[in-house]
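In what follows, a single structure is set out as structure tokens and then discussed.
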Amino acid sequence: MKISLVSEHASPLAVLGGVDAGGQNVHVAALATALGADGHEVTVYSRRDDPELPERVPFAPNVTVVPVTAGPAAPVSKDALLPHMGEFADVLADAWIADRPDVVHGHFWMSGLATLDAARRVDIALGGHLPVAQTFHALGVVKRRHQGLADTSPAERSWLEPDVARRVDTVIATCSDEAFELKALGVPSNRIAVVPCGVDTAHFSPHGPIAPRTGRLRIMTVSRLVQRKGVGIAIEALARLVARGLDAELVIVGGAGDAAHLEVEPEVARLLRIIETTGMRDRVTLAGRLEHEDLPQMLRSADVVVCAPWYEPFGIVPLEAMACGRPVVATSVGGLIDTVVEDVTGVHVPPRDPDALADALEPLLADAERRERYGVAGRRRAVTRYAWRRVALETTRVYASLTDAAPAARLLTRER
Ligand code: UDP
């Protein structure tokens, strides 16, 4: 299949360059690579943020990245990119009219906007129907619900994003929770497919070096240090466990900077206050940001990994922990509802509830055999369900359902 992926702000090249790339960059890079490895011809379109980049950049076997000139050839915050999407669509339409792909797949709502615009121009120029798949990565309606006025997305997102969701041929949601949100936005369920994010199961594996341990039971969190990730709740739960007599510690991985240069951002200051007031200073380690390279050995040193956000569009960390054979205690929100299986790979707890978290951790930390069982099941689940090869295969099945469907049937579906 000839496949075009559109990822306006998150280029796979940022992953190779070692720049601080987010989840979408990793997702698009890994999906493109896995599709290319399966023999598909993949082109990834991302906004040009560097004038030195060539016109086409070979990225992996059968995968080319095309930097699209739309707006200044310099880094621009994604919240300021909307005015450049018309220009972006012009470039896509020209490229696709010159060499029509079989399917196009937008990543993030603004890419969806440009992709739909260009695809409809291709239909007018060449006839037929160029199918459009869309992955949102995060939904503005959910972000607004949790972040309120702190959400910096452009106001237009609130009506343009649902419009994209309703107009594309298929929305590929990454978890069942997102599928419910999409239904609430008016997307018919026969146009929603659920295909999860993947994890690199060769890099994140139970085998390999283990970071040094102390004699204490080790709880670990790995995340950006923002309040909604619930790291403060994990500190409060640790204090309760210690009060109950457990000799436990908490290692907090993440933040802007390494351990020695951890910037005291507002959330770090807040966490330091919680550490002080709970008296946990000698039991909590702020490990700072770790390179992806060094994460597996850190994860392997944990007895249990805690993921306690109150809002999480997907959440890749539980998968990385599971792939390393670690049990996971996770809040029942967003993607974590699907990834962590209760009493098989870990335990679910309600969000914002340190008592419930401590109640879940206490018996698990006291039972090495149960932790081992969860870890083995977690590794198996990561490999069988979330390896990128499998994710790419499921994605191509969705593409095939769009390209194989009879045009009349497709029109009917689109008009419903
Ligand atoms: N991560 C990392 N080093 C850190 C903290 C996090 O490499 O010090 C990575 C982590 O392994 C994961 C990603 O950042 O791959 C976070 O993804 P997730 O979906 O869990 O949360 P997000 O940051 O996208 O909200």
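Residue names in the structure tokens use chain letters A, B, ... in the order shown, residue numbers from 1 in each chain, and ligand numbers from 1 in the order shown.
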
Problem - Neighbourhood of ligand 1 at 7 Å, counting only C-alpha atoms and all ligand atoms, reported as an MDAnalysis selection string - result: chainID A and resid 22:23 222:224 253:255 288:292 295 312 314:317 320

Handout entry: Distance query Cys197 in chain A at most 7 Å, only C-alpha atoms, self and fewer than 4 positions along chain excluded, as a list in words
Key =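 My list of contacting residues is His27, Thr174 and Tyr386 of chain A.
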
Practice task
Find the residues near Ser301 in chain A: any atom within 8 Å, counting only C-alpha atoms, skip ones fewer than 5 places away on the same chain, and give them as a list in words.
Solution key: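 Neighbouring residues, sequence-local ones excluded: Ile210, Ala211, Pro212, Arg213 and Arg218 of chain A.
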
Store the residues picked out above in a file with C-alpha atoms, as a compact mmCIF listing (two decimals), in the first residue's frame.
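Writing done, so here's part-v2.txt:
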```
# COMPACT_ATOMS: atom_id res chain seq x y z
CA ILE A 210 19.38 -3.22 36.76
CA ALA A 211 19.92 0.18 38.42
CA PRO A 212 21.40 -0.02 41.95
CA ARG A 213 18.87 -0.82 44.67
CA ARG A 218 10.96 0.30 45.69
```

Problem - Residues within 9 Å of His203 in chain A, only C-alpha atoms, excluding chain neighbours under 5 positions, as a ChimeraX atom specification - result: /A:293,296,323-324

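Closest approach to Val284 in chain A from the set A:Ala248, A:Val347, A:Ala74, A:Val304 is made by A:Ala248, with distances taken over only C-alpha atoms.
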
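For the choices A:Val44, A:Leu271, A:Ala138, A:Val171, the atom-to-atom distance to Leu92 in chain A is smallest for A:Val44 when using only C-alpha atoms.
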
Exercise for the section: Pick out the closest residue to His146 in chain A from this set: A:Ala366, A:Asp94, A:Tyr311, A:Ala260. Count only C-alpha atoms. Expected result: A:Tyr311

Handout entry: Distance query Ile192 in chain A at most 12 Å, only C-alpha atoms, self and fewer than 5 positions along chain excluded, as a list of chain:residue names
Key = A:Ala133, A:Gln134, A:Thr135, A:Phe136, A:Ala165, A:Arg166, A:Arg167, A:Val168, A:Asp169, A:Thr170, A:Val171, A:Ile172, A:Ala173, A:Thr174, A:Cys175, A:Ser176, A:Asp177, A:Glu178, A:Ala179, A:Phe180, A:Glu181, A:Leu182, A:Lys183, A:Ala184, A:Leu185, A:Gly186, A:Val187, A:Val398, A:Thr413

Handout entry: Contact residues around Val231 in chain A with only C-alpha atoms at 8 Å, ignoring same-chain residues under 4 positions, as a PyMOL selection string
Key = chain A and resi 221+225+227+235+252+271+308-309

Output for the residues just chosen: N, CA, C and O atoms as a PDB file, in the first residue's frame:
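Result file again.pdb:
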```
ATOM      1  N   THR A 221       7.640   6.044  40.033  1.00  0.00           N
ATOM      2  CA  THR A 221       6.791   6.731  39.059  1.00  0.00           C
ATOM      3  C   THR A 221       7.701   7.256  37.953  1.00  0.00           C
ATOM      4  O   THR A 221       8.850   7.626  38.214  1.00  0.00           O
ATOM      5  N   LEU A 225       6.726  16.027  35.165  1.00  0.00           N
ATOM      6  CA  LEU A 225       6.257  16.467  36.480  1.00  0.00           C
ATOM      7  C   LEU A 225       5.222  17.579  36.309  1.00  0.00           C
ATOM      8  O   LEU A 225       5.536  18.764  36.315  1.00  0.00           O
ATOM      9  N   GLN A 227       0.982  18.319  37.572  1.00  0.00           N
ATOM     10  CA  GLN A 227       0.136  17.878  38.679  1.00  0.00           C
ATOM     11  C   GLN A 227      -0.775  16.705  38.322  1.00  0.00           C
ATOM     12  O   GLN A 227      -0.959  15.782  39.103  1.00  0.00           O
ATOM     13  N   ILE A 235       3.412  10.108  46.750  1.00  0.00           N
ATOM     14  CA  ILE A 235       4.189  10.447  47.961  1.00  0.00           C
ATOM     15  C   ILE A 235       3.297  10.265  49.199  1.00  0.00           C
ATOM     16  O   ILE A 235       3.708   9.679  50.203  1.00  0.00           O
ATOM     17  N   ILE A 252      11.133   8.903  41.991  1.00  0.00           N
ATOM     18  CA  ILE A 252      10.344   9.697  41.037  1.00  0.00           C
ATOM     19  C   ILE A 252      11.237  10.029  39.846  1.00  0.00           C
ATOM     20  O   ILE A 252      12.201  10.780  39.971  1.00  0.00           O
ATOM     21  N   LEU A 271       5.805  19.253  45.046  1.00  0.00           N
ATOM     22  CA  LEU A 271       6.171  17.906  45.497  1.00  0.00           C
ATOM     23  C   LEU A 271       7.131  17.977  46.684  1.00  0.00           C
ATOM     24  O   LEU A 271       7.010  17.208  47.634  1.00  0.00           O
ATOM     25  N   ALA A 308      -0.475   7.160  38.487  1.00  0.00           N
ATOM     26  CA  ALA A 308      -1.656   7.640  39.214  1.00  0.00           C
ATOM     27  C   ALA A 308      -2.236   8.951  38.671  1.00  0.00           C
ATOM     28  O   ALA A 308      -2.639   9.819  39.439  1.00  0.00           O
ATOM     29  N   PRO A 309      -2.303   9.103  37.329  1.00  0.00           N
ATOM     30  CA  PRO A 309      -2.851  10.363  36.809  1.00  0.00           C
ATOM     31  C   PRO A 309      -4.360  10.435  36.996  1.00  0.00           C
ATOM     32  O   PRO A 309      -5.006   9.418  37.239  1.00  0.00           O
TER      33      PRO A 309
END
```
